[in-house]
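Below: final_14.tsv (TSV, C-alpha atoms)
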chain	number	residue	atom	x	y	z
A	1	MET	CA	19.84	209.47	-91.69
A	2	ASN	CA	19.97	207.54	-88.36
A	3	SER	CA	21.35	204.39	-90.01
A	4	TYR	CA	24.22	206.40	-91.57
A	5	LEU	CA	25.01	208.43	-88.44
A	6	PRO	CA	27.94	206.27	-87.18
A	7	LEU	CA	29.51	206.30	-90.66
A	8	TRP	CA	29.02	210.08	-90.98
A	9	ILE	CA	30.65	210.69	-87.57
A	10	ASP	CA	33.59	208.48	-88.49
A	11	ASN	CA	34.15	210.09	-91.89
A	12	HIS	CA	33.63	213.73	-90.94
A	13	LEU	CA	34.65	214.00	-87.29
A	14	LEU	CA	37.15	211.25	-86.53
A	15	THR	CA	39.25	210.55	-89.60
A	16	LYS	CA	38.66	213.36	-92.11
A	17	LYS	CA	41.77	215.47	-91.35
A	18	ARG	CA	44.07	212.45	-91.14
A	19	ARG	CA	42.74	211.07	-94.42
A	20	GLU	CA	43.35	214.45	-96.05
A	21	LYS	CA	46.98	214.18	-94.89
A	22	LYS	CA	47.07	210.56	-96.14
A	23	LEU	CA	47.68	209.25	-92.64
A	24	GLU	CA	46.30	206.11	-91.05
A	25	PRO	CA	43.33	206.68	-88.68
A	26	LEU	CA	44.12	206.63	-84.96
A	27	TRP	CA	43.20	203.48	-83.03
A	28	ILE	CA	40.59	205.45	-81.10
A	29	SER	CA	38.65	205.97	-84.30
A	30	TYR	CA	38.20	202.21	-84.70
A	31	PHE	CA	37.10	201.91	-81.07
A	32	LEU	CA	34.60	204.75	-81.39
A	33	GLY	CA	33.38	203.34	-84.68
A	34	ASP	CA	32.61	200.04	-82.96
A	35	LEU	CA	30.95	201.90	-80.09
A	36	PHE	CA	28.71	203.91	-82.41
A	37	GLY	CA	27.88	200.74	-84.32
A	38	PHE	CA	26.89	199.01	-81.08
A	39	LEU	CA	24.64	201.92	-80.09
A	40	ALA	CA	23.02	201.87	-83.51
A	41	LYS	CA	22.41	198.14	-83.08
A	42	ILE	CA	20.73	198.75	-79.71
A	43	ILE	CA	18.46	201.40	-81.26
A	44	TYR	CA	17.57	199.02	-84.08
A	45	LEU	CA	16.82	196.18	-81.66
A	46	VAL	CA	14.57	198.44	-79.60
A	47	SER	CA	12.46	199.42	-82.58
A	48	ASP	CA	12.38	195.92	-84.07
A	49	GLN	CA	11.90	193.78	-80.96
A	50	PHE	CA	9.17	195.86	-79.38
A	51	LYS	CA	7.11	196.83	-82.39
A	52	LYS	CA	4.95	193.72	-82.33
A	53	ILE	CA	4.81	193.79	-78.53
A	54	SER	CA	3.60	197.39	-78.46
A	55	ASP	CA	1.13	196.74	-81.30
A	56	SER	CA	-0.31	193.77	-79.41
A	57	ILE	CA	-0.61	195.75	-76.17
A	58	LEU	CA	-2.24	198.68	-77.95
A	59	GLU	CA	-4.62	196.31	-79.69
A	60	LYS	CA	-5.67	194.99	-76.28
A	61	LYS	CA	-5.99	198.64	-75.10
A	62	TRP	CA	-3.76	198.18	-72.07
A	63	PHE	CA	-2.12	201.59	-72.67
A	64	PRO	CA	-3.53	204.66	-74.45
A	65	HIS	CA	-0.35	205.53	-76.36
A	66	LYS	CA	2.94	204.02	-77.53
A	67	ASN	CA	4.97	206.61	-75.59
A	68	PHE	CA	4.06	204.76	-72.40
A	69	LEU	CA	6.13	201.80	-73.63
A	70	ILE	CA	9.38	203.58	-74.52
A	71	PHE	CA	11.10	203.58	-71.14
A	72	PRO	CA	10.17	200.04	-69.98
A	73	SER	CA	10.97	198.73	-73.46
A	74	VAL	CA	14.51	200.15	-73.34
A	75	VAL	CA	15.08	198.81	-69.82
A	76	ILE	CA	13.85	195.32	-70.70
A	77	LEU	CA	15.97	195.19	-73.85
A	78	LEU	CA	19.14	196.23	-72.01
A	79	ILE	CA	18.53	193.58	-69.35
A	80	TRP	CA	17.90	191.01	-72.09
A	81	HIS	CA	21.10	191.99	-73.92
A	82	PHE	CA	23.51	192.04	-70.99
A	83	ASN	CA	22.09	189.23	-68.84
A	84	PRO	CA	21.83	185.91	-70.75
A	85	ASN	CA	19.73	184.36	-67.95
A	86	SER	CA	16.99	186.92	-68.50
A	87	ARG	CA	16.53	185.87	-72.13
A	88	ASN	CA	14.60	182.77	-71.07
A	89	TRP	CA	12.12	185.01	-69.25
A	90	TRP	CA	11.93	187.34	-72.27
A	91	TYR	CA	11.04	184.56	-74.71
A	92	SER	CA	8.24	183.41	-72.40
A	93	PHE	CA	6.98	186.99	-71.93
A	94	GLU	CA	7.04	187.65	-75.67
A	95	GLY	CA	5.07	184.50	-76.41
A	96	TRP	CA	2.45	185.38	-73.79
A	97	ILE	CA	1.94	188.92	-75.12
A	98	VAL	CA	1.69	187.95	-78.80
A	99	SER	CA	-0.09	184.61	-78.63
A	100	GLY	CA	-1.49	184.44	-75.11
A	101	LYS	CA	0.59	181.30	-74.49
A	102	SER	CA	3.79	181.33	-72.51
A	103	LYS	CA	6.70	179.30	-73.81
A	104	PRO	CA	8.50	176.94	-71.43
A	105	MET	CA	11.61	178.46	-69.93
A	106	VAL	CA	14.68	176.44	-70.79
A	107	SER	CA	17.72	176.00	-68.59
A	108	SER	CA	20.35	178.65	-69.07
A	109	ILE	CA	23.14	176.09	-68.62
A	110	SER	CA	23.27	172.43	-69.52
A	111	PRO	CA	24.30	169.78	-66.95
A	112	GLU	CA	27.40	168.98	-69.02
A	113	GLU	CA	28.46	172.63	-69.17
A	114	PHE	CA	27.84	173.01	-65.44
A	115	VAL	CA	30.02	169.98	-64.60
A	116	ARG	CA	32.83	171.16	-66.88
A	117	ASN	CA	32.72	174.59	-65.26
A	118	TYR	CA	32.80	173.01	-61.82
A	119	TYR	CA	36.08	171.19	-62.46
A	120	ASP	CA	37.51	174.25	-64.22
A	121	TYR	CA	36.88	176.24	-61.03
A	122	LEU	CA	38.80	173.64	-59.03
A	123	ASN	CA	41.72	173.62	-61.45
A	124	ASN	CA	41.93	177.41	-61.33
A	125	ASP	CA	41.89	177.52	-57.51
A	126	HIS	CA	38.39	179.02	-57.32
A	127	HIS	CA	37.51	176.67	-54.50
A	128	SER	CA	34.88	178.85	-52.87
A	129	ILE	CA	33.00	179.16	-56.18
A	130	ALA	CA	33.23	175.40	-56.72
A	131	TYR	CA	32.03	174.74	-53.17
A	132	ASN	CA	28.98	176.92	-53.79
A	133	SER	CA	28.15	174.60	-56.69
A	134	LEU	CA	27.18	172.01	-54.07
A	135	SER	CA	23.70	171.85	-52.60
A	136	SER	CA	23.13	172.63	-48.94
A	137	ASP	CA	22.38	168.94	-48.29
A	138	PHE	CA	25.64	167.88	-49.93
A	139	LYS	CA	27.61	170.38	-47.81
A	140	LYS	CA	25.85	169.28	-44.64
A	141	ASN	CA	26.01	165.51	-45.13
A	142	GLN	CA	29.10	164.82	-47.22
A	143	SER	CA	31.57	167.69	-47.31
A	144	ASN	CA	32.30	170.59	-44.98
A	145	TYR	CA	34.49	173.33	-46.38
A	146	ASN	CA	37.66	172.37	-44.46
A	147	ASP	CA	37.53	168.77	-45.69
A	148	TYR	CA	36.74	170.05	-49.17
A	149	LEU	CA	39.84	172.28	-49.19
A	150	ASP	CA	41.99	169.52	-47.71
A	151	TRP	CA	41.25	167.33	-50.72
A	152	TRP	CA	40.98	169.77	-53.59
A	153	SER	CA	43.59	172.33	-52.52
A	154	ILE	CA	46.19	170.42	-50.48
A	155	LYS	CA	46.14	166.88	-51.85
A	156	VAL	CA	44.98	167.32	-55.47
A	157	LYS	CA	46.95	169.63	-57.72
A	158	GLN	CA	44.89	169.07	-60.89
A	159	VAL	CA	41.88	167.07	-61.90
A	160	ASN	CA	41.46	165.83	-65.47
A	161	LEU	CA	37.92	165.34	-66.75
A	162	ASP	CA	38.58	162.36	-68.98
A	163	ASN	CA	34.97	161.59	-69.91
A	164	ILE	CA	31.49	162.94	-69.27
A	165	ARG	CA	28.11	161.37	-70.04
A	166	ILE	CA	24.55	162.51	-69.35
A	167	VAL	CA	22.65	159.52	-67.95
A	168	SER	CA	19.31	161.26	-67.53
A	169	GLN	CA	17.85	164.74	-67.29
A	170	ASN	CA	14.56	166.46	-66.62
A	171	ALA	CA	13.52	169.95	-65.58
A	172	ASN	CA	14.46	169.48	-61.91
A	173	SER	CA	17.31	166.97	-61.84
A	174	ALA	CA	20.04	165.31	-63.86
A	175	ILE	CA	22.45	162.41	-63.50
A	176	VAL	CA	25.93	162.78	-64.96
A	177	ASP	CA	28.71	160.19	-65.09
A	178	VAL	CA	32.31	161.44	-65.15
A	179	ARG	CA	35.69	159.79	-65.32
A	180	LEU	CA	38.37	161.67	-63.38
A	181	LEU	CA	42.13	161.42	-63.07
A	182	TYR	CA	43.81	163.23	-60.19
A	183	PHE	CA	47.31	164.64	-60.36
A	184	MET	CA	48.40	164.35	-56.73
A	185	ARG	CA	50.76	166.83	-55.11
A	186	GLU	CA	52.56	164.27	-52.97
A	187	THR	CA	53.35	161.70	-55.66
A	188	GLN	CA	53.43	164.14	-58.61
A	189	LYS	CA	51.66	161.44	-60.61
A	190	LEU	CA	48.25	160.85	-62.11
A	191	SER	CA	45.95	158.53	-60.22
A	192	LYS	CA	44.07	155.66	-61.79
A	193	PRO	CA	40.82	156.67	-63.51
A	194	GLU	CA	37.90	157.04	-61.13
A	195	ASP	CA	34.30	156.79	-62.33
A	196	ILE	CA	31.85	158.95	-60.39
A	197	ARG	CA	28.13	159.50	-60.73
A	198	LEU	CA	26.94	163.04	-59.95
A	199	PHE	CA	23.34	163.73	-58.99
A	200	LEU	CA	22.33	167.28	-59.89
A	201	ILE	CA	19.33	169.33	-58.86
A	202	TRP	CA	18.04	172.50	-60.49
A	203	ASP	CA	18.25	175.69	-58.43
A	204	SER	CA	15.35	177.71	-59.84
A	205	GLN	CA	16.18	180.81	-57.80
A	206	ASN	CA	19.71	181.17	-59.17
A	207	ARG	CA	18.93	179.36	-62.43
A	208	THR	CA	21.80	176.91	-62.25
A	209	TRP	CA	22.50	173.30	-61.39
A	210	LEU	CA	23.86	172.13	-58.03
A	211	ILE	CA	25.61	168.88	-57.11
A	212	ASP	CA	23.30	167.21	-54.59
A	213	SER	CA	25.24	163.98	-54.08
A	214	SER	CA	27.83	161.72	-55.71
A	215	LYS	CA	29.00	158.13	-55.61
A	216	ASN	CA	31.66	155.92	-57.14
A	217	ILE	CA	30.47	153.56	-59.86

Rewritten as structure tokens:
Amino acid sequence: MNSYLPLWIDNHLLTKKRREKKLEPLWISYFLGDLFGFLAKIIYLVSDQFKKISDSILEKKWFPHKNFLIFPSVVILLIWHFNPNSRNWWYSFEGWIVSGKSKPMVSSISPEEFVRNYYDYLNNDHHSIAYNSLSSDFKKNQSNYNDYLDWWSIKVKQVNLDNIRIVSQNANSAIVDVRLLYFMRETQKLSKPEDIRLFLIWDSQNRTWLIDSSKNI
């Protein structure tokens, strides 16, 4: 009955009278139908994802009854569903419970995706967000915020990421080569291509990459 509940609500409560009058359903009925479908999906995921976890925990006699797992299971699933970064932790937790071996946690964002996002922030005038993509050492030694804004906000109108290449990558660092073209406000022209090497470090606390230094190549 539970699997047919959204369909039953739609047919008998939302659209029945309008269908009897041969009228099209209201837009709200489609919205509510999607909402009920989403809730049904959440219920299904709860029962499916946590069955083997609860069975393993009960087998190890950590808890006397399955009811002890209902609330934390729902909370963990909702966090997993709405926060993509938490999924790496979930996969490791699941592997440890079932097999006793934790799986390595993978990066939630690739160096290439991080670099593309960085220049997108600059092009969309999100300079403070872009500046926070720099490491504390980079900010201290190479670029204070006023100088950063002077270049990226006042002098450069747009930056084109013409090419990007991953030179190397490990769990804690990455090297990325980019080719940039700047559309300058003063000349209203594109600059010559500039090849830059970015040195990234992994911020484990915020689970993202940071630009630690850069140089022309």

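Near Arg197 (chain A), within 9 Å and counting all atoms listed in the file, sit Ile175, Val176, Asp177, Val178, Arg179, Ser213, Ser214, Lys215, Asn216 and Ile217 of chain A, not including residues fewer than 5 positions from it in the same chain.
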
* Structure fact -> Computed gap from CA of Leu149 (chain A) to CA of Leu198 (chain A) is 19.2 Å

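Atom pair CA of Asn117 (chain A) / CA of Glu186 (chain A) has a distance of 25.5 Å (rounded to one decimal).
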
* Neighbours of Asn160 (chain A) within 8 Å (only C-alpha atoms; same-chain residues fewer than 2 positions away dropped), as a PyMOL selection string? -> chain A and resi 158+162+180-183

* Structure fact -> Restricting to all atoms listed in the file, whichever of A:Asp125, A:Asp120, A:Asp212, A:Glu112 is closest to Lys139 (chain A) is A:Asp212

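CA of Val115 (chain A) to CA of Ile154 (chain A) spans 21.5 Å [interatomic distance, one decimal].
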
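Nearest to Gln188 (chain A) of all the residues A:Asn172, A:Lys157, A:Arg207, A:Ile166 is A:Lys157, counting all atoms listed in the file.
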
* Residue among A:Leu161, A:Leu122, A:Leu210, A:Ala171 lying closest to Tyr148 (chain A), counting only C-alpha atoms -> A:Leu122

Skipping near chain neighbours, those fewer than 6 positions away, what residues fall within 12 Å of Ser135 (chain A) using only C-alpha atoms, listed as a PDB file with C-alpha atoms, in the coordinates of the input?
ATOM      1  CA  ASN A 141      26.010 165.510 -45.130  1.00  0.00           C
ATOM      2  CA  GLN A 142      29.100 164.820 -47.220  1.00  0.00           C
ATOM      3  CA  SER A 143      31.570 167.690 -47.310  1.00  0.00           C
ATOM      4  CA  ASN A 144      32.300 170.590 -44.980  1.00  0.00           C
ATOM      5  CA  LEU A 198      26.940 163.040 -59.950  1.00  0.00           C
ATOM      6  CA  PHE A 199      23.340 163.730 -58.990  1.00  0.00           C
ATOM      7  CA  LEU A 200      22.330 167.280 -59.890  1.00  0.00           C
ATOM      8  CA  ILE A 201      19.330 169.330 -58.860  1.00  0.00           C
ATOM      9  CA  TRP A 202      18.040 172.500 -60.490  1.00  0.00           C
ATOM     10  CA  ASP A 203      18.250 175.690 -58.430  1.00  0.00           C
ATOM     11  CA  THR A 208      21.800 176.910 -62.250  1.00  0.00           C
ATOM     12  CA  TRP A 209      22.500 173.300 -61.390  1.00  0.00           C
ATOM     13  CA  LEU A 210      23.860 172.130 -58.030  1.00  0.00           C
ATOM     14  CA  ILE A 211      25.610 168.880 -57.110  1.00  0.00           C
ATOM     15  CA  ASP A 212      23.300 167.210 -54.590  1.00  0.00           C
ATOM     16  CA  SER A 213      25.240 163.980 -54.080  1.00  0.00           C
ATOM     17  CA  SER A 214      27.830 161.720 -55.710  1.00  0.00           C
TER      18      SER A 214
END

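Nearest to Met184 (chain A) of all the residues A:Asn132, A:Asn170, A:Ser153, A:Asn163 is A:Ser153, based on only C-alpha atoms.
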